[in-house]
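See below for the structure under consideration.
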Amino acid sequence: MAQGRTPQQARAVGTLGRPFFAFAPRPDGFRARCAQEFAAFNTARGRPATAPIRDGDRARIRSDLARAMFAEAYGRAARDTRELSGFLARVSRPATTAVAGYDLAFSPAKSVSALWALAPRAVAEQIEAAHAAAVADALAWLEDNACFTRLGTDGVRQVETTGLIAAVFTHRDSRAGDPDLHSHVAVSNKVQTRDGHWRALDGRVLHKAAVAASERYDNRLEAHLVTRLGVGFTDRSGPKRGRRTVREIAGMDEGLLSAWSSRRRDIDARRAVLTGDFQRDHGRPPTAVEAIALAQRATLETRGPKHQPRSLAEQRATWRREARAVLGGADRVDRMLGRVLGARGSPRPRVTEAWVRSAAIQALDIVSGARATWQIWHVRAEAERVVRAAALAPAEVDVAVTRVTEEVLSPSLSVPLGEPDPVVEPPELRRSDGASVYTVAGAQLYSSRAVMDAEALLLAAAGCTDGCRTDPAMVELALLESTANGAELNPGQAQLVRELAGSGARVQLALAPAGAGKTTALATLARAWTAGGGTVLGLAPSAVATAGLRACLGAPCDTLTKLTWCLDAGHLPDLVAGIGPTTLVVVDEAGMAGTRELARAVEFVLGRGGSVRLVGDHQQLTSVAAGGVLAEIAATHGAVTLTQLVRFTDPAEAAATVAIRDGDTLGLGFYLDSDRVHVGDLATCAEQAYAAWAADRDRGVDALLLAGTRELVAQLNQRARADRLTHAAASSGAEAELADDTRAGAGDPIITRANNRQLPITATEWVKNGDRFTVRAVRGDGASTSSTRAPDGGSPCLRATPPSTCSWATRPRCTAPRASPPTSATPCSAAPSPGSCSTWRSPAAAPPTTCTWPPSATETRTASSPPPPCHRPPPPTCWSGCWPATAPRPPRPAPAGRWPTPPSSCAPPPSGTPTRSASPPTTASQRRLQKNWRTPPSACTPG
């Protein structure tokens, strides 16, 4: 204007490109009609049309309008909350929204904020300066590496810019009023190209680089604090189990940090109450805007009477009083600060070539263990973590991170994926780093040589067909035996058994969705293979899956992790010592195994002449490190597939499950029509789920309550325990503290979260991650004596030590302790259900001479008096040229510790049983009836 420009010209000079698009709502849409209803509400009360309206009245108007518009659209009222809330979410959402900017948050570890709140003001100012410097460093790195815009048709070219436009807002406390030094950075969506034009920021790269920028901030903050104050940092467990460790200032009291982190739970609890009240009042969950308003209300309502806007000096005085209350006095606060600020530095490693190589291998192992492919952003973030954990000298941090990143992405460790572009662009079409403007920065995918070699090994092995084959007659006999024992296989299961047993493939894949009868089929496969003279072993990714596989195969099983660990350590486990050409190794839940781990096991088995059967479902949740190798094997060499679900009694639900597995959204219709889907805020849904679970429990139904986070699980567990104790006839007595900070006493169900082979349950089972126990007693030292359900679903048995006695409610499994047979009688109460068989493991005792069924209601067994019967129905006839039906058949050779009793002769088939002659069938009907014809053996052989 001072230069004589017109106002329009002045605005044009100061404009940052084109204005953001404003998308007006439809005139007959929900938003427009809401505005009309709000105006009518105010006018009816004699107020201006645009006067503010109470939140409750606004919510009621929106709910009534949504019901009316739903009826207009569908000619009926909304049937339930789900229909109403879904309709409201759809019509209230703007069709398109312009992005004006991005919010980046930089927050230090809790110990940094605590030290800043309590330290002398001069020290606090140094912490503020370190925080500001770390934020500026992270923003500068983002400008250099993640600040791009797009040009050309459909934004085909990605070009560099002059930097970011951002505003930093530093906050001193959390919503709960705790010390929380952090900064919000509002990044504008407008950037300027190198030729002076204003364009929109390419948010794709900014999102990709966010984690690496966060790690860079943490690294630089620690370096600045070490340089300015000389404090030390140490690794502490993350706030959530299974998360990465957190670098905290050494010497800060953990109790104080926990106290200043706990107030958030009060806000969440109050917000949950407000949200539940809202849904009850309005018949729908709150929208996103309404949920924010409820959260703000919860924050205000949970603040103390003195929690008003305060100066920094007032805040520091309050935080110091709180610290004195937690630690027990001002002198203890001063001693803690003295320890922290007076810490002596420790020797720091030097950045040598050997150190860089070692750090790069460590970073690569972590990245490749979590994903099959990665980009530079993943490597950069992990390099920042590795360097921070090494506690290098602050001056060497930047150089070390860059060198480790380059080493990880070097050809010796990482392999770039994809074909190189044969087109060479002129300099005008290249960015400053030499990359083409037609590529997206940081989008190059990498994989490790080890992962690619593992995939190649598995694919090559799946193409080999020189493995052991089982006699087809043994396969058919196993199928017939399964039918005779009441477990008839459907055609798909039977075909799976035939192909896996007789293909001769060294590695073969079987794809089976959940509920397709995989367990029954594998049990039959194991019987057929062992009947043919082979041995069967099992491997699985988890201990729980291993236990299920062991029960299914009736053969030795263990985890893939243990096998690979033993192989890497040079120790050959007993499980696999006998693997040979006739060994079949079944790997269950193969999709959950990492590619390298799976390849390691397959290579070992094939190297000893064995065969492998991979069983899993590539469309279920897979390991992040798997890399899709099952899908690749299926596409290259094919797979045996089960498609018919047998778990469900309702065919419609089975079909819906298959549809959802295949990604067909029509499968959701079954669950919607069956009222299986409920909506609401997280707290409201948790309340609904808990109420349904409690109702099932009161009816005696053993229901399972699932939640999405460990925090929510802990809350639900605490509530369930409180309700149980309220209705308990007596107090639970002493209590033990659990891993999630909850408590348990006698009568409480618990679940173990780790594998421990040193805690046996039976002779073959041990405590596993996911096992369910019931606490029987808590000792004075806080240790608990717990029990678990019987393997086949029976009642609990004491697990404090290897049991000398066991009482199962159903299906007895009496096993002596590992060390020696029981010295006293071991009672087994109640008759087992048909089809089960107890296992007696006393090789010194004589075998029984007869088998009876059913057993008496109660038996007493001792080491000197083995059980006379094996608990199973009379076995069918031996294979003697007749169709096995209901006549007895001798059992197959049993493992050590069991006593097969082969008959002295072959009993003739019962009357009415179809027979076959020694000559092959000649007519079509005979061929259909006797399609599995073979020449009968000259003598009856057990098994």
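Identifiers in the structure tokens: chain A, B, ... in order shown; residue index from 1 per chain; ligand index from 1 in order shown.
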List as an mmCIF file with C-alpha atoms, in the first residue's frame the protein and nucleic acid residues near Ala686 (chain A), meaning an atom at most 12 Å away when only C-alpha atoms are counted, but skip any in the same chain fewer than 2 places from it.
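To be explicit, this is the file written out as selection-v9.cif:
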data_model
loop_
_atom_site.group_PDB
_atom_site.id
_atom_site.type_symbol
_atom_site.label_atom_id
_atom_site.label_comp_id
_atom_site.auth_asym_id
_atom_site.auth_seq_id
_atom_site.Cartn_x
_atom_site.Cartn_y
_atom_site.Cartn_z
ATOM 1 C CA ALA A 272 -16.982 -42.673 30.555
ATOM 2 C CA VAL A 273 -19.837 -41.780 32.913
ATOM 3 C CA THR A 275 -20.692 -40.687 27.627
ATOM 4 C CA GLY A 276 -22.914 -43.428 29.054
ATOM 5 C CA HIS A 678 -23.482 -52.967 18.981
ATOM 6 C CA VAL A 679 -22.263 -49.381 18.824
ATOM 7 C CA GLY A 680 -21.199 -46.749 21.291
ATOM 8 C CA ASP A 681 -18.289 -44.912 22.792
ATOM 9 C CA LEU A 682 -15.440 -47.121 24.014
ATOM 10 C CA ALA A 683 -16.554 -46.810 27.615
ATOM 11 C CA THR A 684 -20.184 -47.487 26.692
ATOM 12 C CA GLN A 688 -22.466 -53.207 27.435
ATOM 13 C CA ALA A 689 -20.017 -56.077 27.004
ATOM 14 C CA TYR A 690 -19.450 -56.406 30.734
ATOM 15 C CA ALA A 691 -23.177 -56.424 31.462
ATOM 16 C CA ALA A 692 -23.733 -59.201 28.889
ATOM 17 C CA TRP A 693 -20.818 -61.207 30.281
ATOM 18 C CA LEU A 705 -15.011 -61.192 27.624
ATOM 19 C CA LEU A 706 -12.486 -59.670 25.200
ATOM 20 C CA ALA A 707 -11.109 -56.122 25.099
ATOM 21 C CA GLY A 708 -8.820 -54.300 22.712
ATOM 22 C CA THR A 709 -6.186 -52.959 25.130
ATOM 23 C CA GLU A 711 -5.591 -51.121 30.129
ATOM 24 C CA LEU A 712 -9.232 -51.886 29.404
ATOM 25 C CA VAL A 713 -8.681 -55.545 30.267
ATOM 26 C CA ALA A 714 -7.276 -54.516 33.651
ATOM 27 C CA GLN A 715 -10.279 -52.266 34.316
ATOM 28 C CA LEU A 716 -12.763 -54.997 33.433
ATOM 29 C CA ASN A 717 -10.864 -57.540 35.535
ATOM 30 C CA ARG A 719 -14.619 -54.694 38.159
#
Within 10 Å of region 107-117 of chain A, which residues of region 168-187 of chain A show up? Give each one with its shortest atom-to-atom distance in Å (one decimal) and the two atoms involved, counting only C-alpha atoms, rows by chain then rising residue number, as a Markdown table.
| residue | atom | partner | partner_atom | distance |
| --- | --- | --- | --- | --- |
| A:Thr170 | CA | A:Ser107 | CA | 9.9 |
| A:His171 | CA | A:Ser107 | CA | 9.8 |
| A:Arg172 | CA | A:Ser113 | CA | 8.6 |
| A:Asp173 | CA | A:Ser113 | CA | 8.9 |
| A:Asp178 | CA | A:Ala114 | CA | 8.9 |
| A:Pro179 | CA | A:Ser113 | CA | 5.8 |
| A:Asp180 | CA | A:Ser113 | CA | 5.3 |
| A:Leu181 | CA | A:Ser113 | CA | 5.4 |
| A:His182 | CA | A:Ser107 | CA | 4.5 |
| A:Ser183 | CA | A:Ser107 | CA | 6.6 |
| A:His184 | CA | A:Ser107 | CA | 8.7 |
For the residues in the current selection, export N, CA, C and O atoms as a short mmCIF file (atom, residue, chain, number, x, y, z; two decimals), in the first residue's frame.
data_model
loop_
_atom_site.label_atom_id
_atom_site.label_comp_id
_atom_site.auth_asym_id
_atom_site.auth_seq_id
_atom_site.Cartn_x
_atom_site.Cartn_y
_atom_site.Cartn_z
N THR A 170 4.09 -23.97 23.36
CA THR A 170 4.63 -24.78 24.45
C THR A 170 3.69 -24.74 25.64
O THR A 170 3.28 -23.66 26.09
N HIS A 171 3.34 -25.93 26.16
CA HIS A 171 2.46 -26.06 27.31
C HIS A 171 3.27 -26.56 28.50
O HIS A 171 4.26 -27.26 28.35
N ARG A 172 2.76 -26.23 29.70
CA ARG A 172 3.50 -26.58 30.91
C ARG A 172 2.89 -27.75 31.67
O ARG A 172 3.56 -28.36 32.49
N ASP A 173 1.62 -28.04 31.46
CA ASP A 173 0.98 -29.10 32.24
C ASP A 173 0.03 -29.90 31.37
O ASP A 173 -0.26 -29.53 30.23
N ASP A 178 -0.88 -32.09 35.94
CA ASP A 178 0.44 -32.60 36.27
C ASP A 178 1.50 -31.87 35.45
O ASP A 178 1.23 -31.37 34.35
N PRO A 179 2.75 -31.84 35.92
CA PRO A 179 3.81 -31.22 35.11
C PRO A 179 4.02 -31.99 33.82
O PRO A 179 4.26 -33.20 33.84
N ASP A 180 3.92 -31.31 32.71
CA ASP A 180 4.04 -31.96 31.41
C ASP A 180 4.54 -30.93 30.41
O ASP A 180 3.75 -30.29 29.70
N LEU A 181 5.83 -30.74 30.36
CA LEU A 181 6.43 -29.80 29.43
C LEU A 181 6.36 -30.39 28.02
O LEU A 181 7.00 -31.41 27.73
N HIS A 182 5.60 -29.78 27.14
CA HIS A 182 5.50 -30.30 25.78
C HIS A 182 5.12 -29.17 24.83
O HIS A 182 4.64 -28.11 25.26
N SER A 183 5.35 -29.41 23.55
CA SER A 183 5.09 -28.39 22.53
C SER A 183 4.23 -28.97 21.42
O SER A 183 4.46 -30.11 20.97
N HIS A 184 3.22 -28.18 21.01
CA HIS A 184 2.43 -28.50 19.83
C HIS A 184 2.93 -27.61 18.69
O HIS A 184 3.08 -26.38 18.86
#
Query raised in the report: Pick from A:Asp202, A:Ala528, A:Ala49, A:Pro573: nearest to Arg157 (chain A), with only C-alpha atoms counted?
Result: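 Answer, going by the shortest atom-to-atom distance: A:Asp202.
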Query raised in the report: Would you give me, as a PyMOL selection string, the residues in region 395-580 of chain A that DSSP reads as strand (DSSP E)?
Result: chain A and resi 414-416+446-448+507-511+535-540+557-559
Can you list, as an mmCIF file with N, CA and C atoms, in the first residue's frame, every protein, DNA or RNA residue that comes within 10 Å of Leu563 (chain A) when you count only C-alpha atoms, leaving out same-chain residues fewer than 6 positions away?
data_model
loop_
_atom_site.group_PDB
_atom_site.id
_atom_site.type_symbol
_atom_site.label_atom_id
_atom_site.label_comp_id
_atom_site.auth_asym_id
_atom_site.auth_seq_id
_atom_site.Cartn_x
_atom_site.Cartn_y
_atom_site.Cartn_z
ATOM 1 N N LEU A 539 5.466 -78.902 15.306
ATOM 2 C CA LEU A 539 6.034 -77.609 15.660
ATOM 3 C C LEU A 539 4.953 -76.554 15.500
ATOM 4 N N ALA A 569 22.298 -72.430 18.855
ATOM 5 C CA ALA A 569 23.224 -72.624 19.969
ATOM 6 C C ALA A 569 24.062 -73.888 19.814
ATOM 7 N N HIS A 571 22.905 -76.928 20.010
ATOM 8 C CA HIS A 571 22.401 -77.994 20.876
ATOM 9 C C HIS A 571 21.204 -78.637 20.189
ATOM 10 N N LEU A 572 21.321 -79.926 19.878
ATOM 11 C CA LEU A 572 20.261 -80.642 19.188
ATOM 12 C C LEU A 572 19.258 -81.165 20.201
ATOM 13 N N PRO A 573 18.025 -80.656 20.195
ATOM 14 C CA PRO A 573 17.047 -81.145 21.182
ATOM 15 C C PRO A 573 16.664 -82.595 20.930
ATOM 16 N N LEU A 575 13.832 -83.814 20.835
ATOM 17 C CA LEU A 575 12.639 -83.900 19.997
ATOM 18 C C LEU A 575 12.981 -84.229 18.558
ATOM 19 N N VAL A 576 14.057 -83.638 18.044
ATOM 20 C CA VAL A 576 14.366 -83.773 16.621
ATOM 21 C C VAL A 576 15.590 -84.638 16.367
ATOM 22 N N GLU A 597 12.583 -67.882 10.618
ATOM 23 C CA GLU A 597 12.442 -68.955 11.600
ATOM 24 C C GLU A 597 11.891 -70.213 10.944
ATOM 25 N N ARG A 600 14.538 -71.814 8.715
ATOM 26 C CA ARG A 600 15.575 -72.481 9.511
ATOM 27 C C ARG A 600 15.145 -73.882 9.906
ATOM 28 N N ALA A 601 13.893 -74.008 10.354
ATOM 29 C CA ALA A 601 13.384 -75.315 10.756
ATOM 30 C C ALA A 601 13.246 -76.245 9.552
ATOM 31 N N PHE A 604 16.579 -77.599 8.360
ATOM 32 C CA PHE A 604 17.106 -78.650 9.232
ATOM 33 C C PHE A 604 16.397 -79.978 8.972
#
Requested in this report: Write out as number ranges by chain the residues lying within 7 Å of region 426-432 of chain A, counting only C-alpha atoms and excluding same-chain residues fewer than 3 positions away.
Outcome: A: 159-160, 435-437
Query raised in the report: Any idea what's packed within 12 Å of Phe30 (chain A), counting only C-alpha atoms, ignoring anything in its chain fewer than 6 positions away? Could you give it as a PyMOL selection string?
Result: chain A and resi 36-37+61-70+87-95
Query raised in the report: Among region 35-246 of chain A, which ones does DSSP place in alpha helix (DSSP H), written as an NGL selection string?
Result: :A and (35-44 or 55-74 or 81-92 or 110-118 or 121-145 or 203-229)
List as a tab-separated table every residue of region 345-462 of chain A that is in contact with region 494-513 of chain A, defined as an atom at most 10 Å from one of its atoms (using only C-alpha atoms), together with the nearest atom pair and the distance in Å rounded to one decimal, sorted by chain and then rising number.
residue	atom	partner	partner_atom	distance
A:Leu458	CA	A:Val507	CA	7.9
A:Leu459	CA	A:Val507	CA	8.9
A:Ala460	CA	A:Val507	CA	9.1
A:Ala461	CA	A:Val507	CA	5.8
A:Ala462	CA	A:Val507	CA	4.5
